[in-house]
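Enquirer: Mind having a look at this structure? Questions to follow.
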Amino acid sequence: MPTRRTLIAGSIAASFALPATLSAAPGAPDPRGEGVTVDRFPIWPKAPPGAPTPAVVEQWVKRSPNGGVDDIAWPHVASPMLTVVKPAKPTGAAVLICPGGGYARVAVGRTGGGIARDFAARGITAFELLYRLPHDNWAAGPDTPLQDAQRAMRVIRAGAGTRWTVDPARVAVTGFSAGGHLAARLASRSALSTYQPQDAADRLSAAPVVAGLFFPVITMLDDGVHAQSRRELLGAHAADPQWQQRYSAQRDLPASMPPSFVACNGDDPVVPFRNAMLMFEALKAAKVAAELMVFEKGGHGPPANHKDGTPVPWLDLFVAWGRDHGWPG
């Protein structure tokens, strides 16, 4: 895992060379009046690598007929984006958020979701990732989302101290549902070469300091598999045992795997909680610092409130655990 000195030095060097196309537009005041600033910009300096022919036509849909204007999901992504929610009083800590969607779509809006804002309320700069999907026939296939996650981490570090108040040594990753699979792969495969370097930002580390995996998709093997995620991620190779092994996030965890927090609900009807169990078991076998939380109720989402309406402080539990491992500091 990179040292703090390496991350800081690399970030300073790259920040001056970051292309203009990656410069965040001046931050817009938060229309919700929460005291944060929101920016949104593409993560690649030009076209993303491995574009298919014909080109992907970007598309978003409403997640529900009565949902809010920003309650949307993207079944096709042509231009991966980061939405940055900057706190009014940043602490220097940052988090990359990988949303879910079963690899069939990416469930993320344009103005910063509730979880990003909850992080920002704690002084943590939050970066929501809109990533590309394998079913659009990008050349990297199942590694296409990982390309975007690696690039996003490097872009965050490239802008540390200049575009946003972030310490490059205090950047975590979180993932939700299929985004948990992506976050787990980023944590374990941050050094995997998935694309040719595009600019100075790609000299930086893509390794998160800690990982938070929430009601995650983890395995592509039959034991616990979320069938939709496997089908969408692996495509024509979904039934191939070698591909299932290769893309199961609990397999072959390296010694550099960061401390990882895993959480799920026992009544999840969508992604079997077996996924969280498999990941925790693999983390312990690899001697990686890990915490496991299994909440009684909540379905496929954050844990349900207690009967008296009191919320379960799941995000506080993650942040407090992270503090034991150097994040948010």
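A note on labels: chains of the structure tokens are A, B, ... as shown, every chain counts residues from 1, and ligands are counted from 1 in their shown order.
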Mind checking which residues fall within 9 Å of A:Val57, counting only C-alpha atoms, ignoring those fewer than 2 positions away in the same chain, and posting them as an mmCIF file with C-alpha atoms, in the first residue's frame?
Expert:
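around17.cif was written with the following content:
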data_model
loop_
_atom_site.group_PDB
_atom_site.id
_atom_site.type_symbol
_atom_site.label_atom_id
_atom_site.label_comp_id
_atom_site.auth_asym_id
_atom_site.auth_seq_id
_atom_site.Cartn_x
_atom_site.Cartn_y
_atom_site.Cartn_z
ATOM 1 C CA PRO A 54 -21.489 1.846 -32.638
ATOM 2 C CA ALA A 55 -20.900 4.348 -29.883
ATOM 3 C CA GLN A 59 -29.507 7.152 -21.269
ATOM 4 C CA HIS A 76 -26.197 3.208 -20.582
ATOM 5 C CA VAL A 77 -23.195 5.373 -19.684
ATOM 6 C CA ALA A 78 -21.013 6.964 -22.359
#
Enquirer: DSSP says strand (DSSP E or B) for which residues of stretch 285-328 of chain A? Put them as a list in words?
Expert: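 Taking stretch 285-328 of chain A and keeping strand (DSSP E or B) gives Ala290, Glu291, Leu292, Met293, Val294 and Phe295 of chain A.
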Enquirer: With N, CA and C atoms retained, write the just-selected residues as an mmCIF file, in the first residue's frame.
Expert:
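Output (part-v2.cif):
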data_model
loop_
_atom_site.group_PDB
_atom_site.id
_atom_site.type_symbol
_atom_site.label_atom_id
_atom_site.label_comp_id
_atom_site.auth_asym_id
_atom_site.auth_seq_id
_atom_site.Cartn_x
_atom_site.Cartn_y
_atom_site.Cartn_z
ATOM 1 N N ALA A 290 -10.778 -6.460 9.524
ATOM 2 C CA ALA A 290 -12.139 -6.442 8.987
ATOM 3 C C ALA A 290 -13.164 -6.396 10.104
ATOM 4 N N GLU A 291 -14.303 -5.804 9.778
ATOM 5 C CA GLU A 291 -15.454 -5.769 10.686
ATOM 6 C C GLU A 291 -16.668 -6.243 9.897
ATOM 7 N N LEU A 292 -17.542 -6.991 10.554
ATOM 8 C CA LEU A 292 -18.770 -7.463 9.928
ATOM 9 C C LEU A 292 -19.957 -7.045 10.778
ATOM 10 N N MET A 293 -20.943 -6.419 10.131
ATOM 11 C CA MET A 293 -22.192 -6.052 10.789
ATOM 12 C C MET A 293 -23.342 -6.701 10.028
ATOM 13 N N VAL A 294 -24.144 -7.498 10.717
ATOM 14 C CA VAL A 294 -25.352 -8.071 10.133
ATOM 15 C C VAL A 294 -26.536 -7.549 10.929
ATOM 16 N N PHE A 295 -27.307 -6.685 10.315
ATOM 17 C CA PHE A 295 -28.460 -6.095 10.990
ATOM 18 C C PHE A 295 -29.693 -6.967 10.757
#
Enquirer: Let me make sure I understand: among A:Ala158, A:Ile124, A:Leu133, A:Val270, which one has the smallest atom-to-atom distance to A:Lys86 if we use only C-alpha atoms?
Expert: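 Ranked by minimum distance to A:Lys86, first place goes to A:Ile124.
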Enquirer: Using only C-alpha atoms, which residue out of A:Phe176, A:Tyr195, A:Tyr103, A:Trp60 lies closest to A:Ser229?
Expert: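 That would be A:Tyr103, the residue with the smallest distance to A:Ser229.
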Enquirer: Might you pull out every residue within 10 Å of A:Gly266, with only C-alpha atoms counted and same-chain residues fewer than 3 positions away left off, and present them as a list in words?
Expert: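 My reading of the contact set: Phe215, Ala263, Pro269, Pro272, Phe273, Arg274, Met293, Val294, Phe295, Glu296, Lys297, Gly298, Gly299, His300 and Pro303 of chain A.
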Enquirer: For each of A:Gly175, A:Gly50, A:Gly35, A:Pro90, take the minimum atom-to-atom distance to A:Ala107, counting only C-alpha atoms, then give the residue where this is smallest.
Expert: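 Closest residue, counting only C-alpha atoms: A:Gly175.
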Enquirer: Please identify the helix (DSSP H, G or I) residues within stretch 113-260 of chain A (assignment by DSSP from backbone atoms) and present them as a VMD selection string.
Expert: chain A and resid 114 to 121 134 to 136 141 to 158 178 to 188 200 to 203 227 to 237 241 to 246
Enquirer: So that I can check the surroundings of A:Thr53, please list as a ChimeraX atom specification every protein, DNA and RNA residue that reaches within 12 Å of it, counting only C-alpha atoms and ignoring chain neighbours fewer than 6 positions away.
Expert: /A:136-139
Enquirer: May I have the residues within 12 Å of A:Gly322 as a PyMOL selection string, using only C-alpha atoms and disregarding those fewer than 2 positions away in the same chain?
Expert: chain A and resi 93+95+170-174+208-212+258-262+289-291+315-320+324-329
Enquirer: Which residue gives the smallest distance to A:Gln245 among A:Gly68, A:Asp223, A:Arg117, A:Arg203, with only C-alpha atoms counted?
Expert: A:Asp223
Enquirer: Between A:Val166, A:Ala160, A:Val312, A:Met81, which has the minimum distance to A:Ala47 (counting only C-alpha atoms)?
Expert: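 Among A:Val166, A:Ala160, A:Val312, A:Met81, it is A:Met81 that comes nearest to A:Ala47.
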Enquirer: Would you work out the distance separating atom CA of A:Ala104 from atom CA of A:His135, expressed in Å to one decimal?
Expert: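 Calculated distance between atom CA of A:Ala104 and atom CA of A:His135 is 7.6 Å.
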Enquirer: Show which residues sit within 10 Å of A:Ser193, as a list of chain:residue names. Count only C-alpha atoms, and ignore same-chain residues fewer than 4 positions away.
Expert: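 Within the cut-off, the hits are A:Gln147, A:Gln150, A:Arg189, A:Pro197.
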Enquirer: Convert the current residue selection to file output with N, CA and C atoms, as a PDB file, in the first residue's frame.
Expert:
ATOM      1  N   GLN A 147     -11.977   0.008 -14.438  1.00  0.00           N
ATOM      2  CA  GLN A 147     -11.225   1.099 -15.067  1.00  0.00           C
ATOM      3  C   GLN A 147     -11.687   2.447 -14.519  1.00  0.00           C
ATOM      4  N   GLN A 150     -10.737   2.919 -10.748  1.00  0.00           N
ATOM      5  CA  GLN A 150      -9.316   3.234 -10.606  1.00  0.00           C
ATOM      6  C   GLN A 150      -9.038   4.671 -11.033  1.00  0.00           C
ATOM      7  N   ARG A 189      -7.773  -4.912  -6.242  1.00  0.00           N
ATOM      8  CA  ARG A 189      -7.131  -4.885  -7.557  1.00  0.00           C
ATOM      9  C   ARG A 189      -6.760  -3.448  -7.968  1.00  0.00           C
ATOM     10  N   PRO A 197      -2.097   4.461 -19.361  1.00  0.00           N
ATOM     11  CA  PRO A 197      -2.132   5.781 -18.720  1.00  0.00           C
ATOM     12  C   PRO A 197      -2.535   6.879 -19.710  1.00  0.00           C
TER      13      PRO A 197
END
Enquirer: For a quick check of understanding, using only C-alpha atoms, which of A:Pro311, A:Gly123, A:Pro168, A:Gly102 has the smallest distance to A:Leu204?
Expert: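 Among A:Pro311, A:Gly123, A:Pro168, A:Gly102, it is A:Pro168 that comes nearest to A:Leu204.
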